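Read the structure below first, then the notes.
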Amino acid sequence: MKPYYENDTLTLYHADCRDLLLDLPSHSVDLLLTDPPYGMAWASKSKGAAPIRADGARQGMRVFRQALTAASSVLAEDSHAFVFCHWASWPDFHDAMAPHMGMKGALIWWKNRGGTGDCEGSFAPDYEVVLHGAGPKRRPLLGKRHGAVLPSFPPVAPKRRTHPTEKPIELMVFLVARGCPEDGLVLDPFAGSGATLLAAQQLGRRAVGVELEERYCEAAAQRLEAAARVCSADAA
Ligand SMILES: C[S@@+](CC[C@H](N)C(=O)[O-])C[C@H]1O[C@@H](n2cnc3c(N)ncnc32)[C@H](O)[C@@H]1O
């Protein structure tokens, strides 16, 4: 399939990841880093937000399970996987991942900032869960050992977002730097506006992303182009 965007190290496909992943070389991926639809019907709870594809609870889990089945043959035996999920759906995400990899734990992305919901009757949802899995021959994580509660990475401000659930690049850089060797390949089958690809680009890792919605492919391509221009201007 023709990529929607590519440069020396990154490739982005406008496709359904369940089809596209089957075409990648087997055991080629060193890090699966992804933020699938949470299955929380997110947009219907957030006034004015664009709906996210496959975000209904049952549909989201079905798509994630099918994507993992398609991805399992492309993951290297010593790979790592970081998968974002919501506190209410993490048991389902865990059960979907466990047949494909060893489960290593859950990381907490602390946002150091409140959130919406029942403001008087619940604690502020100021964190997200990231499940960590690894292949049967898992390689050591890179860098000094870190606690499972990650440093505070502030969420992207609503005004600056190009995607309703956009993740901060700094957070993705932290995860890519620990989970993918310098010559490794990162895969994000639910790429959205390209946060994983931007992090890989920043660290000089190769990466493949897949996104179903053309408008998010376009947002990702524009962000990657802009970041590459900044890099080449800095190098000049
Ligand atoms: C939670 S968002 C990812 C946001 C991303 N982390 C970012 O920072 O922009 C999940 C994305 O998966 C996409 N998606 C849903 N089903 C898909 C599928 N079958 N194949 C590829 N992408 C899909 C949605 O369009 C959505 O953009």
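By order in the structure tokens, chains are A, B, ...; within a chain, residues start at 1; ligands start at 1, following the order shown.
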
* Check which residues fall inside 8 Å of ligand 1 when counting only C-alpha atoms and all ligand atoms, and print them as number ranges by chain. => A: 14-18, 34-38, 52-55, 60, 63-64, 67, 162-169, 189-196, 210-213, 216, 220

Could you save those same residues with C-alpha atoms as a short mmCIF file (atom, residue, chain, number, x, y, z; two decimals), in the first residue's frame?
```cif
data_model
loop_
_atom_site.label_atom_id
_atom_site.label_comp_id
_atom_site.auth_asym_id
_atom_site.auth_seq_id
_atom_site.Cartn_x
_atom_site.Cartn_y
_atom_site.Cartn_z
CA HIS A 14 -4.06 5.81 5.98
CA ALA A 15 -5.63 2.41 6.58
CA ASP A 16 -7.38 0.06 8.94
CA CYS A 17 -4.55 -1.36 11.04
CA ARG A 18 -6.22 -4.78 11.11
CA THR A 34 -0.15 2.85 21.05
CA ASP A 35 -3.19 4.67 22.34
CA PRO A 36 -6.19 2.76 20.98
CA PRO A 37 -9.79 3.99 21.21
CA TYR A 38 -10.50 3.53 24.93
CA ILE A 52 -13.29 8.88 17.81
CA ARG A 53 -13.67 5.88 15.50
CA ALA A 54 -14.35 2.53 17.19
CA ASP A 55 -14.78 4.16 20.61
CA GLY A 60 -13.35 -0.60 20.77
CA VAL A 63 -10.97 -3.64 17.18
CA PHE A 64 -8.13 -3.70 19.74
CA ALA A 67 -5.36 -5.37 15.89
CA THR A 162 -4.97 18.54 16.66
CA HIS A 163 -6.72 15.41 18.01
CA PRO A 164 -9.23 15.14 20.88
CA THR A 165 -7.05 12.63 22.79
CA GLU A 166 -3.64 13.87 21.67
CA LYS A 167 -0.75 12.71 23.86
CA PRO A 168 2.17 14.99 24.80
CA ILE A 169 5.30 14.33 22.74
CA PRO A 189 -1.41 1.03 14.84
CA PHE A 190 -3.75 3.80 16.19
CA ALA A 191 -1.57 6.77 15.32
CA GLY A 192 -4.08 9.64 15.61
CA SER A 193 -2.25 12.92 15.07
CA GLY A 194 1.15 11.23 15.22
CA ALA A 195 2.49 11.70 18.78
CA THR A 196 4.32 8.34 18.69
CA VAL A 210 -1.49 3.55 10.86
CA GLU A 211 -4.55 5.79 11.15
CA LEU A 212 -8.07 5.21 9.86
CA GLU A 213 -9.20 8.85 9.62
CA TYR A 216 -5.71 12.80 11.47
CA ALA A 220 0.20 13.94 11.64
#
```

* For stretch 98-112 of chain A, work out the shell of residues within 9 Å, counting only C-alpha atoms and skipping chain neighbours fewer than 6 positions away, then give it as a PyMOL selection string. => chain A and resi 68-69+72+80-82+125-136+138+147-155+171

Take the residues just selected and output them with N, CA, C and O atoms as a short mmCIF file (atom, residue, chain, number, x, y, z; two decimals), in the first residue's frame.
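Result file is again21.cif:
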```
data_model
loop_
_atom_site.label_atom_id
_atom_site.label_comp_id
_atom_site.auth_asym_id
_atom_site.auth_seq_id
_atom_site.Cartn_x
_atom_site.Cartn_y
_atom_site.Cartn_z
N LEU A 68 -4.38 -6.56 17.78
CA LEU A 68 -3.29 -7.29 18.45
C LEU A 68 -3.02 -8.63 17.77
O LEU A 68 -1.87 -9.04 17.63
N THR A 69 -4.08 -9.28 17.34
CA THR A 69 -3.90 -10.56 16.63
C THR A 69 -3.10 -10.31 15.35
O THR A 69 -2.16 -11.05 15.05
N SER A 72 0.58 -9.49 16.29
CA SER A 72 1.40 -10.43 17.07
C SER A 72 2.52 -11.03 16.22
O SER A 72 3.62 -11.27 16.73
N HIS A 80 8.95 -4.81 23.44
CA HIS A 80 8.13 -4.29 24.54
C HIS A 80 6.86 -3.68 23.95
O HIS A 80 6.83 -3.33 22.76
N ALA A 81 5.84 -3.54 24.79
CA ALA A 81 4.59 -2.92 24.35
C ALA A 81 4.08 -2.00 25.45
O ALA A 81 4.02 -2.40 26.63
N PHE A 82 3.74 -0.76 25.08
CA PHE A 82 3.09 0.18 26.01
C PHE A 82 1.75 0.56 25.39
O PHE A 82 1.70 1.08 24.27
N PRO A 125 -9.74 13.00 37.90
CA PRO A 125 -9.05 11.97 37.09
C PRO A 125 -7.78 12.55 36.45
O PRO A 125 -7.76 12.88 35.27
N ASP A 126 -6.73 12.66 37.27
CA ASP A 126 -5.52 13.34 36.81
C ASP A 126 -4.42 12.36 36.40
O ASP A 126 -3.24 12.64 36.53
N TYR A 127 -4.82 11.20 35.91
CA TYR A 127 -3.83 10.21 35.47
C TYR A 127 -4.45 9.34 34.38
O TYR A 127 -5.67 9.30 34.21
N GLU A 128 -3.57 8.65 33.66
CA GLU A 128 -4.03 7.60 32.75
C GLU A 128 -3.16 6.38 32.96
O GLU A 128 -2.02 6.49 33.43
N VAL A 129 -3.70 5.23 32.61
CA VAL A 129 -3.00 3.96 32.79
C VAL A 129 -2.33 3.58 31.47
O VAL A 129 -2.91 3.75 30.40
N VAL A 130 -1.09 3.07 31.56
CA VAL A 130 -0.39 2.56 30.38
C VAL A 130 0.03 1.12 30.71
O VAL A 130 0.87 0.92 31.59
N LEU A 131 -0.56 0.14 30.05
CA LEU A 131 -0.19 -1.25 30.33
C LEU A 131 1.13 -1.58 29.63
O LEU A 131 1.37 -1.15 28.51
N HIS A 132 1.95 -2.36 30.33
CA HIS A 132 3.27 -2.72 29.80
C HIS A 132 3.34 -4.23 29.61
O HIS A 132 3.13 -4.99 30.55
N GLY A 133 3.62 -4.64 28.38
CA GLY A 133 3.83 -6.06 28.10
C GLY A 133 5.17 -6.25 27.40
O GLY A 133 5.79 -5.29 26.95
N ALA A 134 5.64 -7.50 27.33
CA ALA A 134 6.92 -7.76 26.66
C ALA A 134 6.90 -9.16 26.07
O ALA A 134 6.23 -10.07 26.59
N GLY A 135 7.66 -9.32 24.98
CA GLY A 135 7.74 -10.62 24.30
C GLY A 135 8.48 -11.65 25.14
O GLY A 135 9.10 -11.31 26.15
N PRO A 136 8.46 -12.92 24.69
CA PRO A 136 9.02 -14.01 25.50
C PRO A 136 10.51 -13.86 25.78
O PRO A 136 11.01 -14.35 26.78
N ARG A 138 12.15 -10.92 26.19
CA ARG A 138 12.21 -9.48 26.40
C ARG A 138 13.64 -8.98 26.68
O ARG A 138 14.41 -9.57 27.40
N GLY A 147 10.46 4.23 38.46
CA GLY A 147 9.21 3.78 39.08
C GLY A 147 8.08 3.77 38.07
O GLY A 147 8.16 4.41 37.03
N ALA A 148 7.01 3.02 38.42
CA ALA A 148 5.89 2.89 37.48
C ALA A 148 5.04 4.16 37.41
O ALA A 148 4.23 4.32 36.50
N VAL A 149 5.19 5.05 38.39
CA VAL A 149 4.52 6.35 38.27
C VAL A 149 5.47 7.27 37.52
O VAL A 149 6.57 7.58 37.99
N LEU A 150 5.07 7.64 36.34
CA LEU A 150 5.95 8.42 35.46
C LEU A 150 6.02 9.87 35.93
O LEU A 150 5.12 10.34 36.63
N PRO A 151 7.08 10.57 35.54
CA PRO A 151 7.13 11.99 35.90
C PRO A 151 5.92 12.71 35.34
O PRO A 151 5.28 12.23 34.40
N SER A 152 5.62 13.85 35.89
CA SER A 152 4.45 14.59 35.42
C SER A 152 4.70 15.19 34.04
O SER A 152 5.62 15.98 33.86
N PHE A 153 3.91 14.74 33.08
CA PHE A 153 3.94 15.34 31.73
C PHE A 153 2.59 16.01 31.54
O PHE A 153 1.57 15.32 31.47
N PRO A 154 2.54 17.35 31.46
CA PRO A 154 1.24 18.01 31.34
C PRO A 154 0.55 17.61 30.03
O PRO A 154 1.21 17.46 29.00
N PRO A 155 -0.79 17.42 30.08
CA PRO A 155 -1.51 17.12 28.84
C PRO A 155 -1.45 18.29 27.86
O PRO A 155 -1.18 19.42 28.28
N LEU A 171 5.98 12.81 26.77
CA LEU A 171 5.62 11.53 27.37
C LEU A 171 5.98 10.37 26.43
O LEU A 171 6.55 9.35 26.84
#
```

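Backbone DSSP over stretch 138-214 of chain A gives strand (DSSP E or B) for Val149, Leu185, Val186, Leu187, Asp188, Arg206, Ala207, Val208, Gly209, Val210 and Glu211 of chain A.
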
* Selection near A:Leu142, 9 Å with only C-alpha atoms, sequence-local residues under 3 positions removed, as a list of chain:residue names -> A:Arg139, A:Arg145, A:Ala177, A:Arg178, A:Gly179, A:Cys180, A:Pro181

Would you mind exporting N, CA and C atoms of the selected residues as a PDB file, in the first residue's frame?
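So the final result, stored in part_15.pdb, reads:
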```
ATOM      1  N   ARG A 139      13.956  -7.876  25.959  1.00  0.00           N
ATOM      2  CA  ARG A 139      15.271  -7.258  26.185  1.00  0.00           C
ATOM      3  C   ARG A 139      15.135  -6.296  27.360  1.00  0.00           C
ATOM      4  N   ARG A 145      16.635   2.377  35.957  1.00  0.00           N
ATOM      5  CA  ARG A 145      15.314   1.874  36.324  1.00  0.00           C
ATOM      6  C   ARG A 145      14.453   3.007  36.891  1.00  0.00           C
ATOM      7  N   ALA A 177      12.214   6.117  24.368  1.00  0.00           N
ATOM      8  CA  ALA A 177      13.627   6.050  24.786  1.00  0.00           C
ATOM      9  C   ALA A 177      13.889   4.831  25.660  1.00  0.00           C
ATOM     10  N   ARG A 178      12.895   4.389  26.433  1.00  0.00           N
ATOM     11  CA  ARG A 178      13.102   3.218  27.294  1.00  0.00           C
ATOM     12  C   ARG A 178      12.792   1.895  26.611  1.00  0.00           C
ATOM     13  N   GLY A 179      11.893   1.942  25.631  1.00  0.00           N
ATOM     14  CA  GLY A 179      11.418   0.673  25.071  1.00  0.00           C
ATOM     15  C   GLY A 179      11.987   0.297  23.720  1.00  0.00           C
ATOM     16  N   CYS A 180      12.674   1.234  23.028  1.00  0.00           N
ATOM     17  CA  CYS A 180      13.135   0.920  21.667  1.00  0.00           C
ATOM     18  C   CYS A 180      14.624   1.205  21.517  1.00  0.00           C
ATOM     19  N   PRO A 181      15.425   0.207  21.116  1.00  0.00           N
ATOM     20  CA  PRO A 181      16.851   0.460  20.911  1.00  0.00           C
ATOM     21  C   PRO A 181      17.078   1.451  19.766  1.00  0.00           C
TER      22      PRO A 181
END
```

* Exercise: A:Arg205 partners within 9 Å, only C-alpha atoms, chain neighbours under 2 positions left out, as a list of chain:residue names -> A:Thr9, A:Leu10, A:Val176, A:Cys180, A:Pro181, A:Glu182, A:Asp183, A:Gly184, A:Leu185, A:Val186, A:Leu197, A:Ala199, A:Ala200, A:Gln201, A:Gln202, A:Leu203, A:Ala207

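One finds atom CA of A:Glu170 at 10.3 Å from atom CA of A:Val156.
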
* At what distance in Å, to one decimal, does atom CA of A:Asp188 lie from atom CA of A:Trp90? ->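 Distance between the two atoms: 18.6 Å.
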